[in-house]
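Scroll down for the structure; my scribbles are underneath it.
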Amino acid sequence: MMPIWTKSGTKHAVTLLKVQDCHVLRYISKEESGGKISKLLVGGKNASPFSKSESAMEIFKEAGVPRKQKVTTFNVTDDAIIKPGTPLYAAHFRPGQFVDVTAKTIGKGFQGVMKRWGFKGQPASHGQTKTHRRPGAISTNKAAKVYRGKKMPGKMGNIYRTSFGLKVWRINTKHDIIYVNGSVPGHTNCLVKVKDSILPTYKDCNKNPPFPTFFADGDEKLPEDLYDEEIFQFTDPSLTYA
Amino acid sequence: FSSSSYRISSDGKPAKFQPPPKPVIIDKQKQREERRFLSPEFIPPRGRTDPLKFSIERKDMIQRRKVFNIPEFYVGSVLAVTTADPYANEKANRFVGICVQRGGKGLGATFILRNVIEDQGVEICYELYNPRIQAIEVLKLEKRLDDNLMYLRDALPEYSTFDVNMKPVSRLDHEEIPVNKLQVRMKPKPWSKRWERPKYNIKGIKFELPEKKMKEAQKWSQPWLEFDMLREYDTSKIEEKIWKEVSEELKK
């Protein structure tokens, strides 16, 4: 995570996400997926092909791509279908866009009710016998049962969670890095899924995104760094208030 | 060149030949090169972050340094910082103080300046790479016996007062940075932190506590810490590489 300053002098914290060897693996049409939307399987970081069975490696062989560590599905409209085997780059996103980031949260193991659900526990002294971090009562007398989903101790973390509506501040096309506002679930160097935002406020935010994606061998030659309009670039002199 | 070898002294006998003193050659270029200063925020901390992140951050830091001069300074030097302030009279704010602490790594590096203004101690934490900073001047470049001068909060206020209109102290380029071996006198206890304890390892305080208290403070010493191999972080090679990279980029 890094600080970033805007032209008005405010500081924002930014997370760097690297797009590492992403390829489209397979196209699943509407009829195959049994619904109303077609899907695209996308694979992430390269990994060794020796620890998986032959049947699992079939998808990668068809697409002509080395084995990927993570495979995710993206729901796509019919006009955005991409041929399997095309590489995906960070330039697919542009500064000023809003993005949702999904990842597995940091696993905390088996945790008690105070850390997992934020319960208040009991006082440390004044006669409490062996009860300082326990949940206390778990149901009422009339119910005569414990409801499903009762907050109780258990394994915490290591589940998929999403941060919605994160602004993209800057894109580095040389190293394929996306600078995304705020924090993102997961530990450092974990695998993360980045999608266009589904929030209704940002529905009309993408003015001219590269559609269906940014092709490296196309005609567009992008500069090494793409900045949002409001970012203070370090090539400018110090800020002054007129 | 010729030298006359006969001089008649006051006795009338010829004086012994005194060879001329050997000339002392000060090679200023070499001395400047020998003294390398790499700002501490360039050295990456120990962790599992990708080195690519540090190299990208370094590029940004070097870019800022090309446009705006961040001078060399240490904890204990007196600095004057002018920041852009929308609510100030001239839209700029000047603060003079002694650098008490340098923290943070990369673009978020900070330094705290302390001064006593009208009997009120003031500490301001500035970010080195904040674009609102318009000028950083080093009024007095010197080092102190410690890396962290937070104990000045519990020292007598005369040790933290610096004249706001102080003139910069001139010094030659090739001289070594002077170490001010000042031992500071403290206000009576209680202090904000127990500075006499060995964990702070402070050398710049003149402790006027009774012997018994000093001995009791040594109970909290952890003599095994300096031998702990897992805590070792040898930065010499990393520093060399980064120094080369930074100096080459800044020369361009």
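Please note that chains go A, B, ... in the order of the structure tokens, that every chain numbers its residues from 1, and that ligands are numbered from 1 in the order shown.
The helix (DSSP H, G or I) portion of stretch 63-216 of chain A consists of Ala63, Asp78, Asp79, Ala80, Ala90, Ala91, His92, Val113, Met114, Lys115, Arg116, Trp117, Pro200, Thr201 and Tyr202 of chain A, with states taken from DSSP on the backbone.
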What does the file look like for those residues with C-alpha atoms, as a PDB file, in the first residue's frame?
ATOM      1  CA  ALA A  63      -6.318 -22.884 -24.498  1.00  0.00           C
ATOM      2  CA  ASP A  78     -22.685 -11.705 -25.661  1.00  0.00           C
ATOM      3  CA  ASP A  79     -20.846  -8.802 -27.291  1.00  0.00           C
ATOM      4  CA  ALA A  80     -17.891  -9.080 -24.912  1.00  0.00           C
ATOM      5  CA  ALA A  90      -3.863  -4.169 -16.597  1.00  0.00           C
ATOM      6  CA  ALA A  91      -4.782  -1.709 -19.365  1.00  0.00           C
ATOM      7  CA  HIS A  92      -8.211  -3.400 -19.455  1.00  0.00           C
ATOM      8  CA  VAL A 113     -16.809 -14.938  20.087  1.00  0.00           C
ATOM      9  CA  MET A 114     -15.229 -11.617  21.100  1.00  0.00           C
ATOM     10  CA  LYS A 115     -12.776 -11.466  18.209  1.00  0.00           C
ATOM     11  CA  ARG A 116     -15.017 -13.188  15.662  1.00  0.00           C
ATOM     12  CA  TRP A 117     -18.294 -11.327  16.252  1.00  0.00           C
ATOM     13  CA  PRO A 200     -25.692   1.637  -8.864  1.00  0.00           C
ATOM     14  CA  THR A 201     -23.851   4.969  -8.293  1.00  0.00           C
ATOM     15  CA  TYR A 202     -21.028   3.869 -10.576  1.00  0.00           C
TER      16      TYR A 202
END
Please check the contacts: residues of chain A at most 10 Å away from chain B, using only C-alpha atoms, listed as JSON, numbers by chain. {"A": [1, 2, 3, 4, 5, 6, 7, 8, 9, 10, 11, 13, 16, 17, 18, 172, 175, 177, 188, 189, 232, 233, 234, 235, 236, 237, 238, 239, 240, 241, 242]}
Residues as selected, C-alpha atoms, written as a CSV table (one decimal), in the first residue's frame, can you do that?
chain,number,residue,atom,x,y,z
A,1,MET,CA,0.0,0.0,0.0
A,2,MET,CA,1.2,3.4,-0.9
A,3,PRO,CA,0.2,7.1,-0.3
A,4,ILE,CA,-1.1,9.1,-3.2
A,5,TRP,CA,-1.8,12.9,-3.2
A,6,THR,CA,-4.5,14.7,-5.2
A,7,LYS,CA,-4.1,18.2,-6.8
A,8,SER,CA,-6.0,19.7,-3.8
A,9,GLY,CA,-3.4,18.3,-1.4
A,10,THR,CA,-5.4,15.5,0.2
A,11,LYS,CA,-3.7,12.1,0.8
A,13,ALA,CA,-3.9,5.3,0.6
A,16,LEU,CA,-1.1,-2.0,-5.8
A,17,LEU,CA,-2.5,-5.0,-7.7
A,18,LYS,CA,-0.4,-6.8,-10.2
A,172,ASN,CA,1.3,1.0,-15.0
A,175,HIS,CA,4.6,-3.9,-15.1
A,177,ILE,CA,-0.1,-2.8,-12.0
A,188,THR,CA,0.2,-9.5,0.8
A,189,ASN,CA,0.8,-11.2,-2.5
A,232,PHE,CA,-0.7,15.0,-8.3
A,233,GLN,CA,2.1,13.7,-10.6
A,234,PHE,CA,5.6,14.0,-9.2
A,235,THR,CA,6.9,15.6,-12.4
A,236,ASP,CA,4.9,18.8,-11.5
A,237,PRO,CA,6.3,21.4,-9.0
A,238,SER,CA,5.1,21.7,-5.5
A,239,LEU,CA,1.4,22.6,-4.9
A,240,THR,CA,0.4,26.2,-4.1
A,241,TYR,CA,-3.0,27.6,-3.2
A,242,ALA,CA,-3.6,30.7,-5.2
Contacts of B:Ala80 within 7 Å, only C-alpha atoms, excl. fewer than 2 positions in-chain, as a list in words: Thr82, Arg94, Phe95, Val96, Gly97, Ile136, Glu137, Val138 and Leu139 of chain B
Shell of 7 Å around stretch 179-187 of chain B, only C-alpha atoms, local chain residues under 5 positions omitted, as number ranges by chain: B: 142-145, 154-156, 204-206
Residue with smallest distance to A:Ile231 - pool A:Val168, A:Ala143, A:Val71, A:Ala124, counting only C-alpha atoms: A:Val168
Just the number, please: distance in Å from atom CA of A:Glu220 to atom CA of A:Lys83, one decimal. 19.2 Å
Please indicate the distance in Å from atom CA of A:Val42 to atom CA of A:Leu25, rounded to one decimal place. 5.3 Å
Please extract the residues of stretch 18-199 of chain B with a backbone DSSP assignment of strand (DSSP E) and present them as number ranges by chain. B: 78-84, 92-103, 110-117, 120-127, 133-140, 143-144, 179-180
Would you list the contacts of A:Lys39 as a list in words, taking every protein, DNA or RNA residue within 9 Å and counting only C-alpha atoms, but skipping same-chain residues closer than 5 positions in sequence?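 After dropping sequence-adjacent residues, the list is Arg26, Tyr27, Ile28, Ser29, Lys30, Ser33, Thr73, Phe74, Asn75, Val76, Thr77 and Ile81 of chain A.
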What's the separation between atom CA of A:Phe214 and atom CA of A:Phe164, in Å to one decimal place?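 We find that atom CA of A:Phe214 and atom CA of A:Phe164 lie 23.1 Å from each other.
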Excluding same-chain residues fewer than 3 positions from B:Lys219, what lies within 12 Å of it counting only C-alpha atoms, as a PyMOL selection string? chain B and resi 196-199+212-216+222-223
So that I have them on file, write out the residues from the current selection with C-alpha atoms, as a PDB file, in the first residue's frame.
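Saved the output as result22.pdb:
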ATOM      1  CA  GLU B 196      16.283   5.428  32.168  1.00  0.00           C
ATOM      2  CA  ARG B 197      15.310   1.862  31.122  1.00  0.00           C
ATOM      3  CA  PRO B 198      17.812   0.087  28.862  1.00  0.00           C
ATOM      4  CA  LYS B 199      15.220  -0.619  26.143  1.00  0.00           C
ATOM      5  CA  LYS B 212      19.300   2.779  43.412  1.00  0.00           C
ATOM      6  CA  LYS B 213      16.822   3.824  40.696  1.00  0.00           C
ATOM      7  CA  MET B 214      19.393   3.399  37.948  1.00  0.00           C
ATOM      8  CA  LYS B 215      20.244  -0.091  39.196  1.00  0.00           C
ATOM      9  CA  GLU B 216      16.553  -0.975  39.412  1.00  0.00           C
ATOM     10  CA  GLN B 222      17.528  -7.835  27.796  1.00  0.00           C
ATOM     11  CA  PRO B 223      21.223  -8.659  27.222  1.00  0.00           C
TER      12      PRO B 223
END
